[in-house]
Every structure is written in C-alpha cells, then in structure tokens.
>>> print(open('query38.cif').read())   # mmCIF, C-alpha atoms
data_data
loop_
_atom_site.label_atom_id
_atom_site.label_comp_id
_atom_site.auth_asym_id
_atom_site.auth_seq_id
_atom_site.Cartn_x
_atom_site.Cartn_y
_atom_site.Cartn_z
CA MET A 1 -2.80 -2.92 5.06
CA LYS A 2 -1.94 -5.78 4.09
CA ARG A 3 -2.18 -7.66 0.96
CA ASN A 4 0.49 -9.81 -0.39
CA ASN A 5 1.65 -8.24 1.96
CA LEU A 6 3.27 -4.99 3.02
CA SER A 7 5.39 -2.56 1.33
CA SER A 8 6.83 -1.37 4.48
CA ILE A 9 10.41 -0.69 5.39
CA ALA A 10 13.04 -1.12 8.04
CA GLY A 11 14.58 2.11 7.37
CA ILE A 12 14.41 1.00 3.82
CA LEU A 13 14.86 -2.68 4.83
CA PHE A 14 11.31 -2.87 6.21
CA ILE A 15 9.71 -2.13 2.86
CA LEU A 16 11.66 -4.98 1.28
CA ILE A 17 10.91 -7.73 3.78
CA LEU A 18 7.45 -8.80 2.70
CA PRO A 19 7.78 -9.06 -1.08
CA ALA A 20 10.99 -10.99 -0.59
CA CYS A 21 9.25 -13.44 1.70
CA GLN A 22 6.27 -13.92 -0.57
CA SER A 23 8.25 -14.26 -3.78
CA ASN A 24 9.70 -17.50 -2.40
CA LEU A 25 6.32 -19.09 -1.77
CA THR A 26 5.51 -22.32 -3.54
CA ILE A 27 2.07 -23.50 -4.52
CA ARG A 28 0.99 -26.45 -2.39
CA SER A 29 -1.84 -28.91 -2.85
CA LEU A 30 -5.07 -27.01 -2.32
CA SER A 31 -6.80 -27.61 1.00
CA THR A 32 -10.56 -27.60 1.37
CA GLU A 33 -10.31 -24.09 2.83
CA THR A 34 -8.33 -22.88 -0.17
CA LYS A 35 -10.69 -24.55 -2.66
CA LEU A 36 -13.57 -22.87 -0.88
CA ALA A 37 -11.80 -19.49 -1.10
CA GLN A 38 -11.20 -19.98 -4.81
CA GLY A 39 -14.82 -20.93 -5.42
CA GLN A 40 -14.01 -24.51 -6.47
CA ILE A 41 -16.41 -25.89 -3.89
CA ARG A 42 -19.48 -24.33 -2.36
CA PRO A 43 -19.92 -23.64 1.36
CA THR A 44 -22.74 -25.31 3.25
CA ASN A 45 -25.72 -23.14 4.14
CA THR A 46 -24.80 -22.42 7.75
CA PRO A 47 -25.94 -19.22 9.50
CA LEU A 48 -23.36 -16.43 9.62
CA PRO A 49 -22.15 -15.16 13.00
CA ASP A 50 -22.57 -11.55 14.17
CA PRO A 51 -20.88 -9.52 11.39
CA ASN A 52 -19.23 -7.24 13.98
CA SER A 53 -17.67 -10.14 15.89
CA LYS A 54 -14.29 -11.68 15.16
CA ALA A 55 -15.90 -14.73 13.61
CA GLY A 56 -18.24 -12.55 11.59
CA LEU A 57 -15.38 -10.43 10.23
CA ILE A 58 -13.45 -13.56 9.24
CA ALA A 59 -16.54 -14.92 7.49
CA GLN A 60 -16.88 -11.66 5.54
CA ILE A 61 -13.20 -11.70 4.54
CA GLU A 62 -13.50 -15.29 3.33
CA GLN A 63 -16.61 -14.43 1.34
CA VAL A 64 -14.94 -11.38 -0.27
CA ALA A 65 -11.90 -13.48 -1.19
CA SER A 66 -14.06 -16.32 -2.52
CA THR A 67 -16.13 -13.98 -4.69
CA TYR A 68 -13.00 -12.34 -6.10
CA ASN A 69 -11.31 -15.66 -6.81
CA ARG A 70 -14.38 -16.94 -8.63
CA PHE A 71 -14.29 -13.77 -10.73
CA VAL A 72 -10.65 -14.51 -11.54
CA GLU A 73 -11.40 -18.10 -12.53
CA ASN A 74 -14.33 -17.02 -14.70
CA GLU A 75 -12.12 -14.47 -16.44
CA LYS A 76 -9.61 -17.22 -17.17
CA LYS A 77 -12.37 -19.12 -18.97
CA THR A 78 -13.62 -16.20 -21.05
CA GLY A 79 -10.79 -13.67 -21.19
CA SER A 80 -7.12 -13.54 -22.11
CA PHE A 81 -4.08 -14.56 -20.06
CA ASP A 82 -0.62 -16.04 -20.45
CA THR A 83 0.72 -19.01 -18.50
CA ILE A 84 4.19 -18.18 -17.18
CA SER A 85 6.98 -19.76 -15.15
CA LEU A 86 7.57 -17.90 -11.91
CA PRO A 87 11.04 -17.35 -10.36
CA ASN A 88 10.25 -19.87 -7.61
CA GLY A 89 9.59 -22.61 -10.20
CA ALA A 90 5.80 -22.51 -9.88
CA THR A 91 3.43 -21.88 -12.76
CA GLY A 92 1.56 -18.61 -12.69
CA PHE A 93 -0.83 -16.79 -14.97
CA ARG A 94 -0.77 -13.17 -16.12
CA PHE A 95 -3.88 -11.49 -17.43
CA THR A 96 -3.57 -9.41 -20.58
CA LYS A 97 -5.56 -6.86 -22.62
CA GLU A 98 -9.07 -6.14 -21.34
CA SER A 99 -8.85 -9.01 -18.84
CA TYR A 100 -6.01 -7.25 -17.03
CA ILE A 101 -8.10 -4.08 -16.72
CA LYS A 102 -11.05 -6.05 -15.31
CA ILE A 103 -8.91 -7.93 -12.79
CA PHE A 104 -7.04 -4.75 -11.82
CA LYS A 105 -10.27 -3.00 -10.81
CA GLU A 106 -11.46 -5.99 -8.81
CA ASP A 107 -8.01 -6.42 -7.23
CA VAL A 108 -8.03 -2.84 -5.92
CA ALA A 109 -11.56 -3.18 -4.55
CA VAL A 110 -11.00 -6.52 -2.84
CA HIS A 111 -7.81 -5.39 -1.11
CA GLN A 112 -9.53 -2.26 0.15
CA LYS A 113 -12.39 -4.32 1.56
CA ILE A 114 -10.21 -6.97 3.19
CA ASP A 115 -7.95 -4.28 4.66
CA GLU A 116 -10.99 -2.54 6.15
CA LEU A 117 -12.29 -5.78 7.68
CA ASN A 118 -8.85 -6.74 8.98
CA HIS A 119 -8.50 -3.40 10.74
CA GLN A 120 -11.93 -3.81 12.32
CA TYR A 121 -10.75 -7.19 13.59
CA TYR A 122 -7.57 -5.58 14.93
CA GLN A 123 -9.57 -3.07 16.96
CA ILE A 124 -11.37 -5.93 18.72
CA TYR A 125 -8.04 -7.73 19.16
CA LYS A 126 -6.48 -4.68 20.88
CA GLU A 127 -9.47 -4.27 23.17
CA GLU A 128 -9.17 -7.90 24.25
CA MET A 129 -5.38 -7.85 24.64
CA GLY A 130 -5.18 -4.48 26.40
CA PRO A 131 -2.51 -1.80 25.90
CA VAL A 132 0.98 -2.93 24.91
CA SER A 133 3.84 -1.14 26.62
CA THR A 134 6.74 0.02 24.47
CA ALA A 135 10.22 0.03 25.95
CA THR A 136 11.89 3.43 26.35
CA PHE A 137 15.62 3.95 26.08
CA SER A 138 18.04 6.71 26.96
CA SER A 139 19.82 6.87 23.61
CA ASN A 140 19.20 6.37 19.89
CA GLU A 141 21.83 3.63 19.90
CA ASN A 142 19.68 1.53 22.23
CA TYR A 143 16.60 2.26 20.15
CA GLN A 144 18.46 1.13 17.04
CA THR A 145 19.48 -2.12 18.72
CA ARG A 146 15.89 -2.83 19.74
CA LEU A 147 14.60 -1.86 16.28
CA ALA A 148 17.07 -4.15 14.52
CA LYS A 149 16.03 -7.03 16.79
CA LEU A 150 12.31 -6.47 16.13
CA LEU A 151 12.82 -6.27 12.38
CA LEU A 152 14.81 -9.50 12.37
CA GLU A 153 12.10 -11.21 14.40
CA LEU A 154 9.44 -10.03 11.99
CA LYS A 155 11.45 -11.22 9.00
CA THR A 156 11.68 -14.69 10.56
CA TRP A 157 8.10 -14.74 11.84
CA LEU A 158 6.32 -13.72 8.65
CA PRO A 159 7.10 -16.68 6.32
CA ASN A 160 6.12 -19.13 9.05
CA GLU A 161 2.89 -17.24 9.69
CA LEU A 162 2.03 -17.22 6.00
CA ASP A 163 2.44 -21.00 5.98
CA HIS A 164 0.76 -21.84 9.30
CA GLY A 165 -1.20 -18.79 10.47
CA THR A 166 -4.67 -17.47 9.73
CA THR A 167 -4.83 -16.71 6.00
CA VAL A 168 -6.99 -16.70 2.91
CA SER A 169 -5.72 -17.66 -0.51
CA ILE A 170 -6.25 -14.88 -3.04
CA TYR A 171 -5.07 -14.22 -6.58
CA SER A 172 -2.34 -11.58 -6.71
CA LEU A 173 -1.82 -9.48 -9.83
CA ALA A 174 1.70 -8.68 -8.65
CA LEU A 175 2.73 -12.28 -7.92
CA MET A 176 0.59 -13.73 -10.74
CA GLN A 177 -0.56 -16.66 -8.62
CA TYR A 178 -2.79 -17.52 -5.68
CA SER A 179 -0.99 -16.56 -2.48
CA PRO A 180 -1.83 -16.50 1.24
CA LEU A 181 -2.91 -13.22 2.79
CA LEU A 182 -2.80 -12.69 6.55
CA ILE A 183 -6.18 -12.13 8.17
CA GLY A 184 -7.69 -12.09 11.65
CA GLU A 185 -5.36 -13.19 14.44
CA SER A 186 -2.30 -13.37 12.19
CA PHE A 187 -2.95 -9.94 10.68
CA SER A 188 -3.46 -8.52 14.18
CA ALA A 189 -0.26 -10.10 15.49
CA GLU A 190 1.63 -8.57 12.59
CA GLN A 191 0.03 -5.16 13.22
CA GLU A 192 0.98 -5.35 16.89
CA LYS A 193 4.60 -6.00 15.97
CA GLU A 194 4.55 -3.12 13.49
CA ASP A 195 3.02 -0.80 16.08
CA GLU A 196 6.00 -1.35 18.37
CA ILE A 197 8.44 -0.89 15.49
CA ASN A 198 6.74 2.36 14.50
CA ALA A 199 6.64 3.64 18.07
CA ILE A 200 10.41 3.23 18.23
CA LYS A 201 10.86 5.03 14.90
CA LEU A 202 8.74 7.94 16.15
CA SER A 203 10.80 8.18 19.34
CA MET A 204 14.08 8.08 17.42
CA ASN A 205 12.92 10.92 15.18
CA ASN A 206 11.16 13.04 17.81
CA ILE A 207 7.81 12.79 16.05
CA SER A 208 4.77 12.70 18.30
CA GLN A 209 1.69 10.53 17.97
CA GLU A 210 -0.31 13.76 17.67
CA SER A 211 1.77 14.77 14.64
CA THR A 212 1.16 11.46 12.88
CA GLN A 213 -2.58 11.77 13.56
CA LEU A 214 -2.59 15.15 11.78
CA ASP A 215 -0.77 13.51 8.85
CA ILE A 216 -3.36 10.74 8.77
CA ILE A 217 -6.20 13.26 8.71
CA GLN A 218 -4.65 14.82 5.59
CA ILE A 219 -4.46 11.40 3.94
CA GLN A 220 -8.00 10.45 4.91
CA ASN A 221 -9.28 13.66 3.36
CA ILE A 222 -8.06 12.15 0.09
CA GLU A 223 -8.68 8.47 0.75
CA PRO A 224 -11.03 7.51 3.60
CA GLY A 225 -10.18 4.29 5.42
CA SER A 226 -7.40 2.81 7.50
CA VAL A 227 -3.93 4.38 7.32
CA SER A 228 -0.79 2.76 8.77
CA LEU A 229 2.58 4.32 9.52
CA SER A 230 5.30 2.30 7.81
CA ASP A 231 8.58 4.25 7.96
CA ILE A 232 10.46 7.46 8.61
CA GLY A 233 13.44 8.16 6.41
CA THR A 234 15.45 10.63 4.36
CA PHE A 235 14.99 11.13 0.65
CA PRO A 236 18.31 12.60 -0.54
CA TYR A 237 17.09 13.28 -4.04
CA TYR A 238 14.83 15.96 -2.51
CA ARG A 239 16.38 17.26 0.70
CA THR A 240 19.16 15.47 2.55
CA ASP A 241 18.36 17.23 5.82
CA ILE A 242 14.64 16.42 5.93
CA LYS A 243 12.97 13.14 6.81
CA LEU A 244 9.62 12.16 5.37
CA THR A 245 7.07 9.96 7.10
CA THR A 246 5.71 7.08 5.03
CA TYR A 247 2.14 5.85 5.44
CA GLU A 248 0.21 3.09 3.68
CA THR A 249 -3.42 2.54 2.83
CA ALA A 250 -4.79 -0.60 1.21
CA THR A 251 -3.79 0.63 -2.24
CA ARG A 252 -1.36 3.56 -1.93
CA ILE A 253 1.84 4.80 -0.32
CA TYR A 254 1.98 8.38 0.99
CA ASN A 255 5.16 10.27 1.90
CA VAL A 256 4.47 13.24 4.15
CA TYR A 257 6.56 16.15 5.46
CA SER A 258 5.28 15.83 9.02
CA GLN A 259 6.57 19.19 10.25
CA ILE A 260 3.93 20.90 8.11
CA HIS A 261 1.69 17.86 7.39
CA GLN A 262 2.18 18.29 3.66
CA ILE A 263 1.83 15.32 1.31
CA ILE A 264 4.97 15.06 -0.84
CA GLU A 265 4.28 11.85 -2.75
CA ILE A 266 1.35 9.57 -3.54
CA LEU A 267 2.25 6.26 -5.20
CA PRO A 268 -0.29 3.54 -6.06
CA LYS A 269 0.88 0.08 -4.99
CA GLN A 270 -0.51 -1.40 -8.20
CA LEU A 271 -0.26 0.87 -11.23
CA PRO A 272 -3.37 1.18 -13.40
CA PRO A 273 -2.79 0.08 -16.99
CA ALA A 274 -1.64 2.64 -19.56
CA ALA A 275 -4.38 4.06 -21.77
CA THR A 276 -4.37 6.64 -24.52
CA SER A 277 -6.48 9.81 -24.46
CA SER A 278 -7.88 12.00 -27.21
CA SER A 279 -8.15 15.02 -24.90
CA ILE A 280 -4.96 16.21 -23.25
CA SER A 281 -6.76 19.35 -22.09
CA ASP A 282 -9.27 17.25 -20.13
CA LEU A 283 -6.46 15.30 -18.49
CA LYS A 284 -4.65 18.51 -17.54
CA LYS A 285 -7.88 19.76 -15.99
CA THR A 286 -8.05 16.51 -13.98
CA ALA A 287 -4.43 17.01 -12.88
CA ARG A 288 -5.22 20.55 -11.67
CA GLU A 289 -8.24 19.27 -9.76
CA MET A 290 -6.11 16.61 -8.06
CA ILE A 291 -3.52 19.20 -7.05
CA ALA A 292 -6.26 21.40 -5.61
CA LYS A 293 -7.39 18.42 -3.53
CA PHE A 294 -3.98 17.02 -2.55
CA SER A 295 -2.19 20.36 -1.97
CA PRO A 296 -4.74 23.15 -1.62
CA GLY A 297 -3.28 26.63 -1.89
CA GLU A 298 -0.62 25.94 -4.53
CA ASN A 299 -0.69 28.64 -7.24
CA LEU A 300 0.25 26.85 -10.45
CA ASP A 301 -0.02 30.03 -12.52
CA LYS A 302 3.20 31.33 -10.91
CA LEU A 303 5.12 28.22 -11.98
CA THR A 304 6.62 27.04 -15.28
CA SER A 305 4.70 24.28 -17.06
CA ALA A 306 6.74 21.27 -18.30
CA ASP A 307 4.35 18.52 -19.42
CA GLY A 308 5.19 15.20 -21.08
CA ALA A 309 3.64 11.99 -22.41
CA LYS A 310 4.82 8.50 -23.32
CA ASP A 311 3.09 5.23 -24.23
CA GLY A 312 -0.35 6.00 -22.82
CA THR A 313 0.95 7.84 -19.74
CA TYR A 314 0.71 11.61 -19.28
CA PHE A 315 2.67 13.82 -16.90
CA PHE A 316 1.59 17.32 -15.95
CA ARG A 317 4.37 19.19 -14.22
CA TRP A 318 4.91 22.71 -12.91
CA GLU A 319 8.35 23.90 -11.74
CA ASP A 320 9.49 26.77 -9.54
CA ARG A 321 12.53 27.97 -11.45
CA THR A 322 12.99 30.94 -9.12
CA LYS A 323 14.36 28.57 -6.43
CA PRO A 324 17.66 26.62 -6.26
CA LEU A 325 17.75 23.06 -7.55
CA LEU A 326 16.75 20.25 -5.21
CA ASP A 327 19.52 18.25 -3.58
CA ASP A 328 19.63 15.88 -6.56
CA GLY A 329 21.26 18.76 -8.46
CA MET A 330 18.99 18.20 -11.47
CA ASN A 331 15.42 19.27 -10.70
CA TYR A 332 13.86 22.55 -9.69
CA PRO A 333 11.21 22.23 -6.97
CA PHE A 334 8.17 20.90 -8.79
CA ILE A 335 4.65 19.55 -8.52
CA GLN A 336 3.64 16.74 -10.88
CA VAL A 337 0.65 14.51 -11.55
CA GLY A 338 1.01 11.36 -13.65
CA LEU A 339 -2.17 9.98 -15.21
CA ASN A 340 -3.14 7.33 -17.71
CA GLY A 341 -5.49 8.22 -20.54
CA LYS A 342 -8.52 7.43 -18.37
CA GLY A 343 -7.45 9.97 -15.76
CA GLU A 344 -6.34 7.32 -13.22
CA LEU A 345 -3.47 8.29 -10.94
CA LEU A 346 -0.01 6.93 -11.73
CA ASN A 347 1.89 9.16 -9.32
CA TYR A 348 1.82 12.49 -7.54
CA TYR A 349 4.80 14.56 -6.40
CA ASN A 350 4.91 17.92 -4.67
CA THR A 351 8.46 18.96 -3.76
CA LEU A 352 7.60 22.67 -3.56
CA PRO A 353 7.50 22.58 0.28
CA LEU A 354 11.06 21.20 0.22
CA ALA A 355 12.52 24.17 -1.69
CA ARG A 356 15.48 25.86 -0.01
#
>>> encode(input="query38.cif", output="structure tokens")
Amino acid sequence: MKRNNLSSIAGILFILILPACQSNLTIRSLSTETKLAQGQIRPTNTPLPDPNSKAGLIAQIEQVASTYNRFVENEKKTGSFDTISLPNGATGFRFTKESYIKIFKEDVAVHQKIDELNHQYYQIYKEEMGPVSTATFSSNENYQTRLAKLLLELKTWLPNELDHGTTVSIYSLALMQYSPLLIGESFSAEQEKEDEINAIKLSMNNISQESTQLDIIQIQNIEPGSVSLSDIGTFPYYRTDIKLTTYETATRIYNVYSQIHQIIEILPKQLPPAATSSSISDLKKTAREMIAKFSPGENLDKLTSADGAKDGTYFFRWEDRTKPLLDDGMNYPFIQVGLNGKGELLNYYNTLPLAR
C-alpha cells in the first residue's frame, strides 16, 4: 500500500526502511511531469486509454494525484500553514488549524484511491509476468540468510527507484513536502520483492497462505480493499511466546493473532486531529459499536471499565482483572478504543485473546 511509502518491517527492520529512505529525499527542480501532477500546468486534451489497462490505470493515478495537489495548492492560498525547515535542509510546509483537517481528509482518500489503482495494476503485472517461484530451504538459518539478503537489496533498490522509477509527486502530510510515490511498474516491482520476503517469513513461522487469507477476510470485513502482509513478529509487552502477523491497508496497520484470526491492534498510519466532544456518552457508544464490529462476541459487561481523556482524545477501556497481568507486568488483559471528539479512530487494542 504504498504511499510515502511503506510502514513495513524486516522483523522490525522492514518497517523502518521506507521512512528512512524518504526522509533523506531532496526537492529537485520540477519536471513537466511533476508540474502537471501538482496542477501547475494543464494536460492537453488527449483521449484516455482503456481505464482497465496499464496505461489507463496510470492515467487515473496521475489524475487523482493532480487533483489532490491542486487542492493542496489552493488551500495554501486560502488557508493556514507554516513554512518549516526540514531535516534534509529542504523547505516544507505544514498545514494548521482547519486547513490541516481538510488536507487530512483528502490525504486519506487519495492514498486509498491510489493504492487501489496500484493493486489493480499489480494484478495485470503478475498475469503478464507469470508465477514467481520462491526458494525453499531445509532450515530456518538458510531462510534467515536469504531474508537478510532480500531486505538489504530492497533497502538499496528503493531510493534509486524513487529517483528514477515510475512515480507521481504528491504532497505528504507526514513529510510536509511533495515527494515521489511509486506507481505502476515500480510499485509492482516493489510488491513482487515484498511477496518473496513475506513468503519466506510465512515459511519460517509455519503460517500457511490459507491462514493469512482468513486473516485478510477479517480485516476486509472492517475495511474493504487491498490488504498486504508486512511482517510476523513477537510483541513482548503482550505475550513473549506468541507472534502476531502484521498487515497493512492504504491507511491502517493491523496486528492479528493468526492462530485464531483475531485482530489485536488497529493503528491508523496518519492520526486524525484531536477534537473535543460535548458528549462522552455518545463517544462511548461509538467505542462499543466499534468493538462489536472489530471483535464480535466480547462481553464488556463482565469487564472493569477504566476510561480516560486528554487534550481532545478519549480512551474507552475495559480490563479483565480476573486474569494474570500481561507479560509487560503492568496491564491486565484489556480492550481499548481511542477516539477523537468526532468519533474518529485513534487506536484499537484487544489483548483479551492473549490472556494466560
């Protein structure tokens, strides 16, 4: 899913690769393609290709990016933002107040749409390229060697692809500047590399493709659209002996206990802005409704309520104090929904299935 770009991991390394690569980008002189994407020049009136073809999907992505970037530039003219110096020495701009809220909503929508179109492109790409064989090994040590090699290759490949591959320039709320986003052939090449990496992780952890498909069904019941496996790892602050499977959509990260296909965490990639509420009872009702959707069957009335609020964020939490503490030694097994005052999701945790 990939916007600026992944949040994926290597174990944990894989989730750190992409932001690190992108944070070192510098702003270059704008090409005609980039100016077109940002709405600074208008395209000629040429007929669009078949929308279901590769060329048609690229044209749609470029149009979505161009429309979004024009929205960003218009908001700069009429709204509020601060000019800032970025760590790489470039000048960026950060939207504030109501402008941030407007851009946030458009940012979420545009990344969902581009992710959807990119995955449609990838399906055509795979059909053209044919099945890719994944090497099998007799021991985890050999798998680990191959995995480390692939991750290093991806780390080297990605910055070069962002500079020279197939991309669109798009404003990033996180990076606070226009940055390249992989699309089309480059996106598909990256996905192909990740597919091999993930296949190795599944083999190393004895998790079948069928199991991950059941996980994905659970996620798509909450958020329809493309879902990508990104990592398998332990979370010692919950249970040191259990590994969770991490998936990504265009806008969220899901951690799933694959043995029972139970969603343990839902974390938005871009947090909605804090907002105050005059009705805590309405927010708590929203939290209960989310729990019923995310984890049907949980009986909150048998748990101990422990709610909290701070600076326009509200946390609705229920704990099972009849069970031992989690492996962090501090928390009882709990289920929690974090919301802003508008009822938008900040985070979701359900560690009840991990109780000893």
>>> residues_around(input="query38.cif", residues="Asp107 (chain A)", least_positions_apart="3", cutoff="9 Å", atoms="only C-alpha atoms", output="count of residues only")
10
>>> atom_distance(input="query38.cif", atom1="CA of Glu289 (chain A)", atom2="CA of Asp328 (chain A)")
28.3 Å
>>> residues_around(input="query38.cif", residues="Lys243 (chain A)", least_positions_apart="6", cutoff="7 Å", atoms="all atoms listed in the file", output="PyMOL selection string")
chain A and resi 232-235
>>> atom_distance(input="query38.cif", atom1="CA of Thr304 (chain A)", atom2="CA of Ala355 (chain A)")
15.1 Å
>>> resolve_selection(input="query38.cif", expression="the PyMOL selection byres ((chain A and resi 323) around 9)", output="PyMOL selection string")
chain A and resi 320-322+324-326+332-333+355-356
>>> closest_residue(input="query38.cif", among="A:Ser230, A:Gln120, A:Asn88, A:Gln213", to="Lys201 (chain A)", atoms="all atoms listed in the file")
A:Ser230
>>> atom_distance(input="query38.cif", atom1="CA of Lys293 (chain A)", atom2="CA of Asn221 (chain A)")
8.6 Å
>>> residues_around(input="query38.cif", residues="Phe315 (chain A)", least_positions_apart="4", cutoff="9 Å", atoms="only C-alpha atoms", output="list of chain:residue names")
A:Lys284, A:Ala287, A:Ala306, A:Asp307, A:Gly308, A:Ala309, A:Lys310, A:Gln336, A:Val337, A:Gly338, A:Leu339, A:Asn340, A:Asn347
